[in-house]
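Have a look at the structure below, then the notes.
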Amino acid sequence: MNDRLASVFREMAPSDVQLFRATVDGQPDLYHVLNVVRQIRCIDDAACEEVQIRSASEYTERIGEYSSVSGLRIDKSKIGDVRVFRTWGWHSPLIVDDEIKDALEATGIAGGKFEEV
């Protein structure tokens with residue numbers, strides 16, 4: 001990500017992320033790799049459209065994690081003061097709070113898609 005986006009995470013969620021400088025061939029600008037360090041067990045199975053849980057017959061090291069989640073919904077009471085995180089067992093989405101979402105949009109972020117969960 002570019003330095004403008006990285007600065008949002010650096011300033012607003014320093015305990016939730018790590019930023020590593022990265023060089024992109026052919027690009028003079030400063031870039032960063034974002035590592036989200038928080039993972040929270042907060043998926044609200046009942047509120048999601050559909051969830052599928054990994055069973056013993058597949059990926060034994062990941063039994064109990066999600067193999068599919070449709071219509072993701074989270075239990076916000078389990079989040080606390082964390083501002084950026086990934087959900088336990090379903091790592092695809094990057095969850096950010098509303099203030100970070102607004103700050104990212106204010107930078108003119110391209111390619112970001114925000115959905116209420």
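Each chain in the structure tokens gets a letter, A, B and so on, in the order shown; residues start at 1 in every chain, and ligands are counted from 1 in the order they appear.
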I want to know what sits within 9 Å of Asp45 (chain A), based on only C-alpha atoms, with residues of the same chain fewer than 4 positions away left out; could you give that as a VMD selection string? chain A and resid 49 to 51 69 72 to 74
Requested write-out: N, CA and C atoms of the selected residues, as a PDB file, in the first residue's frame:
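What follows is the written file result.pdb:
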```
ATOM      1  N   GLU A  49     -25.563 -15.329   6.692  1.00  0.00           N
ATOM      2  CA  GLU A  49     -26.452 -16.039   5.774  1.00  0.00           C
ATOM      3  C   GLU A  49     -26.178 -17.538   5.819  1.00  0.00           C
ATOM      4  N   GLU A  50     -24.897 -17.907   5.778  1.00  0.00           N
ATOM      5  CA  GLU A  50     -24.522 -19.315   5.816  1.00  0.00           C
ATOM      6  C   GLU A  50     -23.069 -19.440   6.253  1.00  0.00           C
ATOM      7  N   VAL A  51     -22.802 -20.442   7.090  1.00  0.00           N
ATOM      8  CA  VAL A  51     -21.428 -20.774   7.458  1.00  0.00           C
ATOM      9  C   VAL A  51     -21.231 -22.276   7.301  1.00  0.00           C
ATOM     10  N   VAL A  69     -18.021 -18.715   4.493  1.00  0.00           N
ATOM     11  CA  VAL A  69     -18.891 -17.791   5.220  1.00  0.00           C
ATOM     12  C   VAL A  69     -19.557 -16.898   4.186  1.00  0.00           C
ATOM     13  N   LEU A  72     -21.305 -12.358   5.928  1.00  0.00           N
ATOM     14  CA  LEU A  72     -20.587 -12.254   7.200  1.00  0.00           C
ATOM     15  C   LEU A  72     -21.219 -11.225   8.130  1.00  0.00           C
ATOM     16  N   ARG A  73     -21.398 -11.639   9.372  1.00  0.00           N
ATOM     17  CA  ARG A  73     -21.829 -10.749  10.445  1.00  0.00           C
ATOM     18  C   ARG A  73     -20.975 -11.069  11.664  1.00  0.00           C
ATOM     19  N   ILE A  74     -20.592 -10.035  12.390  1.00  0.00           N
ATOM     20  CA  ILE A  74     -19.772 -10.243  13.580  1.00  0.00           C
ATOM     21  C   ILE A  74     -20.538  -9.807  14.823  1.00  0.00           C
TER      22      ILE A  74
END
```
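Inside chain A, the residues DSSP reads as helix (DSSP H, G or I) when given the backbone are Asp3, Arg4, Leu5, Ala6, Ser7, Val8, Phe9, Arg10, Glu11, Met12, Thr60, Glu61, Arg62, Lys76, Ser77, Lys78, Asp98, Glu99, Ile100, Lys101, Asp102, Ala103, Leu104, Glu105 and Ala106 of chain A.
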DSSP on the backbone: which residues in region 24-90 of chain A end up as strand (DSSP E or B)? Give the answer as a VMD selection string. chain A and resid 31 to 36 39 to 40 43 50 to 53 66 to 70 74 84 to 87 90
Using only C-alpha atoms, find the one residue out of A:Gly108, A:Gly80, A:Gly71, A:Pro28 that sits nearest to Cys42 (chain A).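 Looking only at the distances to Cys42 (chain A), the closest residue turns out to be A:Gly80.
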With the cut-off set at 12 Å and counting only C-alpha atoms, tabulate each residue of region 56-92 of chain A with an atom at most that distance from an atom of region 33-37 of chain A, showing the nearest atom pair and its distance in Å to one decimal, ordered by chain and increasing number, as CSV.
```
residue,atom,partner,partner_atom,distance
A:Val82,CA,A:Val37,CA,10.6
A:Arg83,CA,A:Val36,CA,10.5
A:Val84,CA,A:Val36,CA,7.1
A:Phe85,CA,A:Val36,CA,6.0
A:Arg86,CA,A:Val36,CA,7.1
A:Thr87,CA,A:Val36,CA,10.7
A:Trp88,CA,A:Val37,CA,11.6
A:His91,CA,A:Val36,CA,10.4
A:Ser92,CA,A:Val36,CA,11.6
```
Residues as selected, C-alpha atoms, written as a PDB file, in the first residue's frame, can you do that?
```pdb
ATOM      1  CA  VAL A  82      -9.559  -3.167  18.591  1.00  0.00           C
ATOM      2  CA  ARG A  83      -9.798  -1.073  15.419  1.00  0.00           C
ATOM      3  CA  VAL A  84      -8.304  -3.399  12.768  1.00  0.00           C
ATOM      4  CA  PHE A  85      -8.430  -7.193  12.822  1.00  0.00           C
ATOM      5  CA  ARG A  86      -9.129 -10.426  11.003  1.00  0.00           C
ATOM      6  CA  THR A  87     -11.756 -12.886  12.134  1.00  0.00           C
ATOM      7  CA  TRP A  88     -10.632 -16.139  13.739  1.00  0.00           C
ATOM      8  CA  HIS A  91      -9.061 -14.885   7.475  1.00  0.00           C
ATOM      9  CA  SER A  92     -10.105 -13.334   4.166  1.00  0.00           C
TER      10      SER A  92
END
```
For the contact check between region 18-85 of chain A and region 3-6 of chain A, emit one row per residue of region 18-85 of chain A within 7 Å, containing the shortest atom pair and the distance in Å rounded to one decimal, counting only C-alpha atoms, chain then rising number order, as JSON lines.
```
{"residue": "A:Leu30", "atom": "CA", "partner": "A:Asp3", "partner_atom": "CA", "distance": 5.9}
{"residue": "A:Tyr31", "atom": "CA", "partner": "A:Asp3", "partner_atom": "CA", "distance": 5.7}
{"residue": "A:His32", "atom": "CA", "partner": "A:Ala6", "partner_atom": "CA", "distance": 6.7}
```
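Residues in contact with region 62-64 of chain A at up to 12 Å, not including ones fewer than 2 positions away on its chain and judged by only C-alpha atoms, are Arg41, Val51, Gln52, Ile53, Arg54, Ser55, Ala56, Ser57, Glu58, Tyr59, Thr60, Tyr66, Ser67, Ser68, Trp88, Gly89 and Trp90 of chain A.
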May I ask which of the residues A:Lys113, A:Glu11, A:Glu65, A:Ile79 is the closest one to Asp97 (chain A), counting only C-alpha atoms?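 Checking each candidate against Asp97 (chain A), we get A:Ile79 as the closest.
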Could you list, as a list in words, every residue within 12 Å of Phe114 (chain A), counting only C-alpha atoms and ignoring same-chain residues fewer than 3 positions away?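 The filter keeps Pro93, Leu94, Ile95, Val96, Asp97, Asp98, Ile100, Lys101, Asp102, Leu104, Glu105, Ile109, Ala110, Gly111 and Val117 of chain A.
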Here CA of Lys78 (chain A) and CA of Ser7 (chain A) stand apart by 26.5 Å
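Coordinates place CA of Ala13 (chain A) at a distance of 16.4 Å from CA of Ala106 (chain A).
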